[in-house]
Each structure stands twice: as structure tokens, then as C-alpha cells.
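Structure file entry-v3.cif (mmCIF, C-alpha atoms) follows.
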data_entry
#
loop_
_atom_site.label_atom_id
_atom_site.label_comp_id
_atom_site.auth_asym_id
_atom_site.auth_seq_id
_atom_site.Cartn_x
_atom_site.Cartn_y
_atom_site.Cartn_z
CA MET A 215 108.98 60.39 66.71
CA LYS A 216 109.35 64.12 66.07
CA ASN A 217 106.47 66.30 67.34
CA ARG A 218 104.41 63.31 68.50
CA ILE A 219 102.54 64.02 71.73
CA GLN A 220 103.58 61.65 74.49
CA PHE A 221 101.04 60.04 76.78
CA SER A 222 100.60 61.50 80.26
CA GLU A 223 97.97 60.92 82.95
CA LYS A 224 97.46 64.69 83.06
CA TYR A 225 95.20 64.39 80.00
CA ASN A 226 92.75 62.21 81.98
CA GLU A 227 92.32 64.39 85.06
CA LEU A 228 88.78 65.27 86.19
CA THR A 229 87.75 67.87 88.77
CA ALA A 230 86.10 66.95 92.08
CA HIS A 231 82.78 68.28 90.74
CA GLU A 232 83.08 66.13 87.61
CA HIS A 233 83.81 63.07 89.73
CA ARG A 234 80.62 63.72 91.75
CA LEU A 235 78.58 63.99 88.55
CA LEU A 236 80.19 60.80 87.26
CA ASP A 237 79.24 58.95 90.46
CA LYS A 238 75.64 60.10 90.04
CA ALA A 239 75.63 59.06 86.38
CA ALA A 240 76.97 55.59 87.28
CA VAL A 241 74.12 55.02 89.77
CA LEU A 242 71.55 55.89 87.08
CA VAL A 243 73.26 53.68 84.49
CA LYS A 244 72.94 50.72 86.84
CA LYS A 245 69.22 51.45 87.34
CA PHE A 246 68.68 51.91 83.61
CA VAL A 247 70.39 48.63 82.67
CA GLU A 248 68.41 46.79 85.37
CA LEU A 249 65.19 48.17 83.86
CA SER A 250 66.33 47.76 80.24
CA PRO A 251 64.46 44.47 79.57
CA LYS A 252 61.21 46.31 80.33
CA ILE A 253 62.26 49.48 78.51
CA SER A 254 63.32 47.63 75.35
CA LYS A 255 61.00 44.62 75.76
CA THR A 256 63.86 42.12 75.59
CA ASN A 257 64.67 38.96 77.56
CA TYR A 258 68.14 40.27 78.36
CA ARG A 259 69.69 43.42 79.82
CA THR A 260 70.76 45.88 77.15
CA ARG A 261 73.59 48.39 76.98
CA ASP A 262 73.01 51.95 78.17
CA ALA A 263 73.92 53.14 74.66
CA HIS A 264 74.15 51.30 71.34
CA ALA A 265 71.51 48.95 72.68
CA LYS A 266 70.22 47.91 69.27
CA ARG A 267 72.50 45.67 67.26
CA TYR A 268 72.16 45.04 63.55
CA ALA A 269 74.64 42.18 63.22
CA ASP A 270 77.60 40.46 64.87
CA VAL A 271 80.26 38.93 62.63
CA HIS A 272 83.82 37.71 62.79
CA GLY A 273 86.70 38.75 60.56
CA THR A 274 90.46 38.96 60.21
CA LEU A 275 92.72 42.00 60.53
CA LYS A 276 95.86 41.61 58.42
CA ILE A 277 98.59 44.01 59.57
CA ASN A 278 100.58 46.14 57.15
CA SER A 279 104.33 46.33 57.14
CA VAL A 280 104.90 49.79 58.65
CA ALA A 281 108.37 51.30 59.19
CA ASP A 282 107.58 52.50 62.70
CA ALA A 283 109.24 50.95 65.76
CA ASN A 284 106.46 52.03 68.14
CA PHE A 285 103.79 50.55 65.86
CA LYS A 286 105.66 47.25 65.40
CA GLN A 287 106.01 46.85 69.14
CA ILE A 288 102.22 47.11 69.59
CA PHE A 289 100.99 45.24 66.49
CA SER A 290 103.59 42.49 66.63
CA GLU A 291 101.57 39.75 64.87
CA SER A 292 100.88 39.53 61.13
CA SER A 293 97.12 39.08 61.65
CA TYR A 294 94.46 38.99 64.34
CA THR A 295 91.07 37.31 64.65
CA ALA A 296 88.34 39.92 65.14
CA VAL A 297 84.71 40.02 66.21
CA ILE A 298 82.60 42.95 65.09
CA ARG A 299 79.31 44.49 66.26
CA ILE A 300 77.23 46.85 64.10
CA SER A 301 74.73 48.88 66.13
CA ASN A 302 72.56 51.95 66.46
CA ALA A 303 73.59 54.56 69.05
CA ALA A 304 70.15 54.68 70.72
CA MET A 305 69.67 53.75 74.39
CA GLN A 306 66.64 51.60 73.55
CA VAL A 307 65.92 48.69 71.22
CA THR A 308 63.16 49.65 68.78
CA ALA A 309 61.34 47.87 65.97
CA GLY A 310 61.50 48.91 62.33
CA LYS A 311 63.65 51.52 60.65
CA ASP A 312 65.80 53.85 62.76
CA VAL A 313 65.39 57.54 61.99
CA ALA A 314 68.69 58.84 63.37
CA PRO A 315 71.69 57.66 61.30
CA ALA A 316 73.93 57.28 64.37
CA TYR A 317 75.81 54.01 64.20
CA GLY A 318 78.55 52.04 65.90
CA PHE A 319 81.14 49.68 64.42
CA SER A 320 82.85 47.97 67.37
CA ILE A 321 85.92 45.80 66.83
CA LYS A 322 87.45 43.31 69.25
CA LEU A 323 90.83 41.77 68.40
CA LEU A 324 91.10 38.42 70.20
CA LYS A 325 94.28 37.20 71.93
CA PHE A 326 95.91 40.50 71.11
CA LYS A 327 98.83 40.59 73.54
CA ASP A 328 99.60 39.20 77.01
CA SER A 329 96.27 37.29 76.88
CA LYS A 330 94.42 40.60 76.55
CA GLU A 331 91.95 41.77 73.90
CA PHE A 332 91.98 45.06 72.02
CA ASN A 333 88.53 46.67 72.03
CA LEU A 334 87.90 49.53 69.64
CA PRO A 335 84.35 50.96 69.60
CA LEU A 336 83.99 53.30 66.61
CA VAL A 337 81.17 55.67 65.59
CA ASN A 338 80.15 57.21 62.28
CA PHE A 339 80.08 60.77 63.67
CA PRO A 340 83.70 62.01 63.86
CA LEU A 341 83.26 64.75 66.50
CA PHE A 342 81.81 65.08 69.99
CA PRO A 343 79.14 67.80 70.34
CA THR A 344 80.73 69.32 73.47
CA ASN A 345 84.14 69.46 75.14
CA SER A 346 82.57 70.19 78.53
CA VAL A 347 82.64 67.09 80.73
CA SER A 348 80.19 68.75 83.12
CA LYS A 349 77.64 69.56 80.37
CA PHE A 350 77.91 66.06 78.94
CA LEU A 351 77.41 64.34 82.30
CA LYS A 352 74.45 66.56 83.22
CA LEU A 353 72.76 65.74 79.90
CA PHE A 354 73.59 62.05 80.32
CA ILE A 355 72.11 62.10 83.85
CA ALA A 356 68.96 63.87 82.64
CA LEU A 357 68.41 61.38 79.79
CA ASN A 358 68.83 58.35 82.03
CA SER A 359 66.62 59.88 84.71
CA TYR A 360 63.89 60.50 82.13
CA LYS A 361 64.05 56.96 80.71
CA ILE A 362 63.94 55.42 84.18
CA SER A 363 61.05 57.64 85.36
CA LYS A 364 59.10 57.01 82.16
CA LYS A 365 59.25 53.26 82.75
CA GLN A 366 58.61 53.43 86.51
CA TYR A 367 55.92 56.13 86.59
CA GLY A 368 54.45 56.13 83.09
CA ILE A 369 53.10 59.48 81.90
CA LEU A 370 54.41 61.22 85.04
CA GLY A 371 57.89 60.55 83.73
CA ASN A 372 57.27 63.26 81.13
CA PHE A 373 57.86 65.84 83.86
CA LYS A 374 61.55 65.04 83.37
CA ILE A 375 61.47 66.27 79.75
CA PRO A 376 62.06 69.98 80.57
CA GLY A 377 65.23 69.00 82.44
CA VAL A 378 66.49 67.07 79.42
CA LEU A 379 65.74 70.02 77.12
CA ILE A 380 67.52 72.47 79.43
CA LYS A 381 70.63 70.28 79.57
CA LEU A 382 70.46 69.71 75.83
CA GLY A 383 70.15 73.45 75.29
CA SER A 384 73.35 74.05 77.24
CA THR A 385 75.28 72.07 74.61
CA VAL A 386 73.81 73.99 71.65
CA PRO A 387 76.52 76.71 71.54
CA ASP A 388 79.17 73.97 71.35
CA ALA A 389 77.25 72.13 68.64
CA PHE A 390 77.18 75.29 66.52
CA LYS A 391 80.92 75.21 65.99
CA SER A 392 81.41 75.10 62.23
CA SER A 393 83.10 71.68 62.18
CA VAL A 394 80.43 70.06 64.37
CA LEU A 395 77.52 71.69 62.52
CA LYS A 396 78.97 70.74 59.14
CA ASN A 397 79.20 67.08 60.15
CA MET A 398 75.72 67.09 61.70
CA ILE A 399 74.22 68.33 58.42
CA LYS A 400 76.29 65.87 56.39
CA THR A 401 75.18 62.95 58.56
CA ALA A 402 71.51 64.01 58.49
CA PHE A 403 71.55 64.01 54.68
CA ASN A 404 72.85 60.42 54.72
CA LYS A 405 69.96 58.93 56.72
CA ASP A 406 69.22 56.42 53.92
CA LYS A 407 72.83 55.31 53.62
CA ASN A 408 73.74 51.74 54.55
CA PRO A 409 75.39 51.68 58.01
CA LEU A 410 78.24 49.62 56.53
CA ALA A 411 79.10 52.39 54.04
CA PHE A 412 80.11 55.07 56.58
CA THR A 413 83.61 55.99 57.68
CA TYR A 414 83.97 55.25 61.39
CA HIS A 415 86.06 57.07 63.99
CA SER A 416 87.29 56.50 67.54
CA VAL A 417 85.59 58.67 70.16
CA GLY A 418 88.60 60.73 71.16
CA CYS A 419 92.15 59.48 71.53
CA TYR A 420 93.93 56.30 72.55
CA ARG A 421 97.33 55.56 73.94
CA MET A 422 99.65 53.81 71.49
CA GLY A 423 102.64 52.79 73.57
CA ASP A 424 104.29 56.05 74.68
CA TYR A 425 102.26 58.21 72.30
CA ILE A 426 98.65 59.30 71.58
CA VAL A 427 96.65 58.39 68.45
CA LYS A 428 93.19 58.41 66.89
CA PHE A 429 91.72 55.57 64.84
CA MET A 430 89.61 55.57 61.70
CA LEU A 431 87.96 52.79 59.67
CA GLU A 432 87.27 53.40 55.98
CA PRO A 433 84.66 51.33 54.08
CA PRO A 434 85.40 49.40 50.89
CA ARG A 435 84.45 50.80 47.51
CA ASP A 436 81.75 48.22 47.01
CA LYS A 437 78.75 48.86 44.76
CA SER A 438 76.51 46.89 47.10
CA LEU A 439 77.11 49.50 49.81
CA SER A 440 76.01 52.40 47.61
CA LYS A 441 72.40 51.23 47.44
CA LYS A 442 69.94 53.34 49.44
CA LEU A 443 67.94 51.72 52.22
CA LYS A 444 64.59 52.62 50.64
CA ASN A 445 61.99 50.32 52.22
CA LYS A 446 64.49 48.20 54.15
CA THR A 447 65.38 48.63 57.79
CA GLN A 448 69.04 49.15 58.65
CA ARG A 449 69.19 45.67 60.14
CA GLU A 450 67.78 44.08 56.98
CA ALA A 451 70.21 45.99 54.78
CA VAL A 452 73.23 45.06 56.91
CA HIS A 453 72.27 41.37 57.04
CA GLU A 454 71.73 41.25 53.30
CA ILE A 455 75.24 42.62 52.68
CA PHE A 456 76.90 40.26 55.16
CA LEU A 457 75.11 37.26 53.64
CA LYS A 458 76.35 37.83 50.09
CA ASN A 459 79.48 39.99 50.13
CA LYS A 460 83.09 39.87 51.16
CA LEU A 461 83.98 43.26 52.66
CA VAL A 462 87.49 44.64 53.18
CA TYR A 463 87.80 47.72 55.42
CA SER A 464 90.90 49.82 55.97
CA LEU A 465 91.84 50.41 59.62
CA LYS A 466 93.97 53.53 60.06
CA MET A 467 95.60 55.57 62.81
CA GLN A 468 97.16 59.01 63.20
CA TYR A 469 99.65 60.20 65.79
CA CYS A 470 98.60 63.31 67.69
CA ARG A 471 100.96 66.23 67.03
CA ASN A 472 98.91 68.99 68.67
CA GLU A 473 98.41 68.78 72.44
CA GLU A 474 95.13 70.73 72.25
CA LEU A 475 93.52 67.98 70.15
CA VAL A 476 93.74 65.42 72.97
CA ASN A 477 90.82 67.05 74.81
CA ASP A 478 89.26 69.08 72.00
CA LEU A 479 86.91 66.62 70.34
CA SER A 480 85.23 69.27 68.18
CA LYS A 481 88.07 69.51 65.65
CA MET A 482 88.78 67.23 62.72
CA TRP A 483 92.20 65.66 62.36
CA PRO A 484 93.88 65.92 58.92
CA LYS A 485 92.53 62.97 56.93
CA LYS A 486 95.64 62.73 54.74
CA LYS A 487 97.86 62.06 57.76
CA PHE A 488 96.16 58.81 58.76
CA ILE A 489 98.33 55.77 58.04
CA GLU A 490 96.93 52.32 57.36
CA ILE A 491 97.33 49.74 60.11
CA GLY A 492 95.91 46.93 58.02
CA LYS A 493 92.93 45.43 56.21
CA LEU A 494 89.90 44.11 58.10
CA THR A 495 88.27 41.35 56.04
CA ILE A 496 84.76 40.02 56.67
CA GLU A 497 83.81 36.97 54.63
CA PRO A 498 80.19 36.24 53.57
CA GLU A 499 77.99 34.51 56.17
CA SER A 500 80.42 35.14 59.04
CA PHE A 501 77.66 35.66 61.61
CA LEU A 502 78.22 35.01 65.31
CA ASN A 503 75.67 33.23 67.48
CA PRO A 504 73.32 36.12 68.49
CA GLU A 505 72.91 35.02 72.12
CA LYS A 506 76.65 34.61 72.66
CA ALA A 507 77.37 37.84 70.82
CA GLU A 508 75.00 39.92 72.95
CA VAL A 509 76.92 39.20 76.16
CA LEU A 510 80.21 40.37 74.65
CA SER A 511 81.68 43.65 75.85
CA TYR A 512 83.68 46.05 73.70
CA ASN A 513 84.93 47.98 76.71
CA PRO A 514 88.14 49.79 75.65
CA PHE A 515 89.15 50.11 79.31
CA GLU A 516 89.73 46.35 79.34
CA ASN A 517 92.50 46.87 76.78
CA PRO A 518 96.20 46.41 77.54
CA GLU A 519 97.52 49.47 79.36
CA PHE A 520 99.44 50.64 76.29
CA LEU A 521 96.19 50.83 74.25
CA MET A 522 93.88 52.55 76.73
CA PRO A 523 91.58 55.49 75.84
CA VAL A 524 93.02 58.92 76.65
CA GLY A 525 91.30 62.20 77.52
CA ARG A 526 88.88 63.77 79.99
CA MET A 527 85.74 62.85 78.06
CA GLN A 528 87.07 59.33 77.63
CA LYS A 529 87.69 59.10 81.38
CA THR A 530 83.97 59.60 82.07
CA ARG A 531 83.25 56.51 79.99
CA ASP A 532 85.53 54.30 82.11
CA LYS A 533 83.20 54.09 85.11
CA ILE A 534 80.04 54.10 82.98
CA TYR A 535 81.31 51.21 80.82
CA LYS A 536 82.22 49.15 83.88
CA VAL A 537 78.88 49.65 85.61
CA SER A 538 76.97 48.89 82.41
CA VAL A 539 78.98 45.73 81.64
CA ASP A 540 78.86 44.42 85.23
CA THR A 541 75.09 44.98 85.45
CA ARG A 542 74.43 43.38 82.05
CA ARG A 543 76.34 40.26 83.07
CA ILE A 544 73.98 39.57 85.99
CA LYS A 545 71.37 37.03 84.87
CA ILE A 546 67.75 38.16 85.00
#
Take the structure in the file and give it back as C-alpha cells.
Amino acid sequence: MKNRIQFSEKYNELTAHEHRLLDKAAVLVKKFVELSPKISKTNYRTRDAHAKRYADVHGTLKINSVADANFKQIFSESSYTAVIRISNAAMQVTAGKDVAPAYGFSIKLLKFKDSKEFNLPLVNFPLFPTNSVSKFLKLFIALNSYKISKKQYGILGNFKIPGVLIKLGSTVPDAFKSSVLKNMIKTAFNKDKNPLAFTYHSVGCYRMGDYIVKFMLEPPRDKSLSKKLKNKTQREAVHEIFLKNKLVYSLKMQYCRNEELVNDLSKMWPKKKFIEIGKLTIEPESFLNPEKAEVLSYNPFENPEFLMPVGRMQKTRDKIYKVSVDTRRIKI
């Protein structure tokens, strides 16, 4: 356990000002989700982010034999049943091909431990564009306010655009850090890549028993995943792969050994130091019922206490997730 950073609640602490911003953001999330059927033209309430899903499937995570007492205590079974959601990061469901290659690969391990589930939402962009909780919440508030006003007041909602641009501009200096900029350029050049072919990362850190970790999911080396989207939408490409192919992903984790990395989401962790947890296998034609799948939540704050998200930016998501999930579950 040498040099591993131990979990402490101090990593989750927000200021009074940040709590006030979070309260304001939660109110707007509720309003947005209530309006989401009109915004996205759906017959159900959508998520506030990752609203558009490409596919929902089930799989199996087979656990590796790892010589680590802390790991064995957490992942005590040899395998787990999983459900998986592939999505686009946008707030709104749109038709056709998505321009921004921002995707989510959310995993839920069923009956994980003590009748709990393990929810692990992953994204294909490894870094967060800002470490400032205040800047993030102000931008989040501005975006939700714009979307709500646009739907409620039509063209008058465009008066909210300058506010969004100002808040977005405040994050630009953070986004120009070399590591963030490098990954933004790399992702932009992969806009025609199949969503299933990306490497996926946890947003920030998680508790792993007494310690802190990050997670990563690596795609299989499958020729079918190397094909460009061309004239296909992302949803069409993903469905085609899941219909015909057996996919085996590698789920990995890395212990945090630098305290600064817990709340600095703009730095990459050494890729070579990730260790494999196990193999996530998805068999062909393993689709879930779409209606049942849409009501599922991949809220990581519903995890067992020893697998909760860690960090200040993560803490902002706790309240937002809860409000979004609770509002979505109310029938329209």
C-alpha cells in the first residue's frame, strides 16, 4: 500500500459560495428535465446530459486474479452481470449524425455487494476542461438557463447566449493547458471514429475501500471497430457492431499516488500504471428493452460507500444527479 493516497472527506469539501451555485444549478436541472420532452421531442423525460443514447446492452465482467488485498475485498466475486449504455454527451436528443465526438460508456454491475449496484459512468475525453468548481457551475447554470428560456420564450431565449459565451470564455485559459488542448485536438480529429472504439475514462476519482483510484476502459482490437462512420450515424454504427460482433473490453484501475491529482482533473495519469480489473464481454444481439433501459440510472452516488466518487468537481455532480434522476422518474 506504499504511497497510495488514502480517502478523506477533505477532498470533497465545497465552499459556501460553491454550495449556493450548486443549489441554483439543481433548480435549473429540475426545470430542464421537466421541459426535456418538449426540448428533445420525446415521450419521456431525458437526462440533463448524455440525453441521446445509441444502444443499451448487457454483458459480463470477469474479474482477474489480482494479488492485492484491498482489491480482493471490493471485487470479491469471480464475475458480475453488467448493463451498459452508450450515449452522446449532449443535453438534447437530436436526429441524424452527431457532430461532436463526445461519448459516454456507462456500466452498471448488478448485485455487486450488500444488495447494491456499482455504477461507473465513463467518457471518452480523459480530462476536465477546468478545475474551478465555480467556473464550471456558472457555465452549467448559463447553459441550462439558455435551453430553458429558448423553449419557453422562443427567439427571446437567444438573449441568454452572451451569458453562455462569457461563462465559456472564463474556462478558456484552463482549456489551453497543454494536456487539455492536446486531447481536444486529438478527439476532434477522431470525429468519424466509431464510439465503441474509444478508450473511456472515469470523470475524476473514486474511492476504492480506504484508497483513491481512477478507472479506464480500453476497447478490443477488433477490425470492425476501425471502420470510419462515413455515411452512417453513430447510432447506426453502434447497433451494427452490437448485432454482429462479440466485444471484449479491458476494465482497468490505477491507485492515486499524488494527492494533487485528486482535484486536478487537467492532468493525465500514467497509462502504464493502470492494472486490469477484468474483461467486460458483450455478446452479439445483447440488447436491452429500450423502454426499460431508458429509466435506468447510472448514478455513481448510489454506489456502496466504499466505491463512491471522490473530489470537489465530483461532489457537484452528487446533487445534480439526484435531482435529474428523481425528476426523470416522475411519469409525464
How many Å lie between CA of Gly418 in chain A and CA of Lys349 in chain A, rounded to one decimal?
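Distance reported for this atom pair: 16.8 Å.
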Neighbours of Phe488 in chain A within 10 Å (only C-alpha atoms; same-chain residues fewer than 5 positions away dropped), as a ChimeraX atom specification?
/A:427-430,465-469,483
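What separates CA of Ser292 in chain A from CA of Ile277 in chain A is a distance of 5.3 Å.
Using only C-alpha atoms, the shortest contact distance between Phe285 in chain A and any of A:Leu521, A:Leu242, A:Ala269, A:Val539 is found at A:Leu521.
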With distances taken over all atoms listed in the file, which residue among A:Ile300, A:Ala402, A:Val452, A:Leu439 lies nearest Arg267 in chain A?
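Using all atoms listed in the file, the shortest distance to Arg267 in chain A belongs to A:Ile300.
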Closest to Ala356 in chain A among A:Lys238, A:Lys441, A:Lys446, A:Lys255, using all atoms listed in the file?
A:Lys238
Residues selected by the PyMOL selection byres ((chain A and resi 323) around 12), written as a PyMOL selection string
chain A and resi 272-277+289+291+293-298+320-322+324-327+329-335+494+511-514+516-518
Take the PyMOL selection byres ((chain A and resi 221-226) around 8), apply it to the structure above, and return the hits as a list in words.
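Checking the PyMOL selection byres ((chain A and resi 221-226) around 8) against this file, the residues are Ile219, Gln220, Glu227, Leu228, Arg421, Asp424, Tyr425, Ile426, Val476, Asn477, Val524, Gly525, Arg526, Gln528 and Lys529 of chain A.
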So the first atom is CA of Ser301 in chain A and the second is CA of Asn408 in chain A; what is the distance between them in Å, to one decimal place?
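Computing it gives 12.0 Å between the two atoms.
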Residues in the PyMOL selection byres ((chain A and resi 397) around 12), expressed as an MDAnalysis selection string
chainID A and resid 316 338:343 389:396 398:404 480:482
Could the residues in this selection be saved with C-alpha atoms as a PDB file, in the frame of the given file?
ATOM      1  CA  ALA A 316      73.930  57.280  64.370  1.00  0.00           C
ATOM      2  CA  ASN A 338      80.150  57.210  62.280  1.00  0.00           C
ATOM      3  CA  PHE A 339      80.080  60.770  63.670  1.00  0.00           C
ATOM      4  CA  PRO A 340      83.700  62.010  63.860  1.00  0.00           C
ATOM      5  CA  LEU A 341      83.260  64.750  66.500  1.00  0.00           C
ATOM      6  CA  PHE A 342      81.810  65.080  69.990  1.00  0.00           C
ATOM      7  CA  PRO A 343      79.140  67.800  70.340  1.00  0.00           C
ATOM      8  CA  ALA A 389      77.250  72.130  68.640  1.00  0.00           C
ATOM      9  CA  PHE A 390      77.180  75.290  66.520  1.00  0.00           C
ATOM     10  CA  LYS A 391      80.920  75.210  65.990  1.00  0.00           C
ATOM     11  CA  SER A 392      81.410  75.100  62.230  1.00  0.00           C
ATOM     12  CA  SER A 393      83.100  71.680  62.180  1.00  0.00           C
ATOM     13  CA  VAL A 394      80.430  70.060  64.370  1.00  0.00           C
ATOM     14  CA  LEU A 395      77.520  71.690  62.520  1.00  0.00           C
ATOM     15  CA  LYS A 396      78.970  70.740  59.140  1.00  0.00           C
ATOM     16  CA  MET A 398      75.720  67.090  61.700  1.00  0.00           C
ATOM     17  CA  ILE A 399      74.220  68.330  58.420  1.00  0.00           C
ATOM     18  CA  LYS A 400      76.290  65.870  56.390  1.00  0.00           C
ATOM     19  CA  THR A 401      75.180  62.950  58.560  1.00  0.00           C
ATOM     20  CA  ALA A 402      71.510  64.010  58.490  1.00  0.00           C
ATOM     21  CA  PHE A 403      71.550  64.010  54.680  1.00  0.00           C
ATOM     22  CA  ASN A 404      72.850  60.420  54.720  1.00  0.00           C
ATOM     23  CA  SER A 480      85.230  69.270  68.180  1.00  0.00           C
ATOM     24  CA  LYS A 481      88.070  69.510  65.650  1.00  0.00           C
ATOM     25  CA  MET A 482      88.780  67.230  62.720  1.00  0.00           C
TER      26      MET A 482
END
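Every protein, DNA or RNA residue with an atom at most 10 Å from Val243 in chain A, where only C-alpha atoms count and chain neighbours fewer than 4 positions away do not, is listed here: Asp237, Lys238, Ala239, Val247, Glu248, Leu249, Arg261, Asp262, Ala263, Phe354, Ile355, Asn358, Ser359, Ile362, Lys533, Ile534, Tyr535, Val537, Ser538 and Thr541 of chain A.
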Which residues come within 8 Å of Val462 in chain A, counting all atoms listed in the file, excluding same-chain residues fewer than 5 positions away, as a PyMOL selection string?
chain A and resi 433-434+493-496
From the list A:Leu502, A:Val241, A:Ala303, A:Cys419, which residue is nearest Glu473 in chain A when using only C-alpha atoms?
A:Cys419
Best match for closeness to Glu508 in chain A among A:Ser416, A:Asn445, A:Ser346, A:Thr260, counting only C-alpha atoms:
A:Thr260
From A:Asn278, A:Lys352, A:Ala304, A:Lys545, residue lying nearest Ser464 in chain A [only C-alpha atoms]:
A:Asn278
Skip Lys407 in chain A itself and residues of its chain fewer than 6 positions away, then list as a list in words all residues within 8 Å of it, counting only C-alpha atoms.
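Within the cut-off, the hits are Ser440, Lys441, Lys442 and Leu443 of chain A.
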Please list as a list in words every residue within 7 Å of Asn284 in chain A, counting only C-alpha atoms and excluding residues in the same chain fewer than 3 positions away.
Gln287, Ile288 and Gly423 of chain A
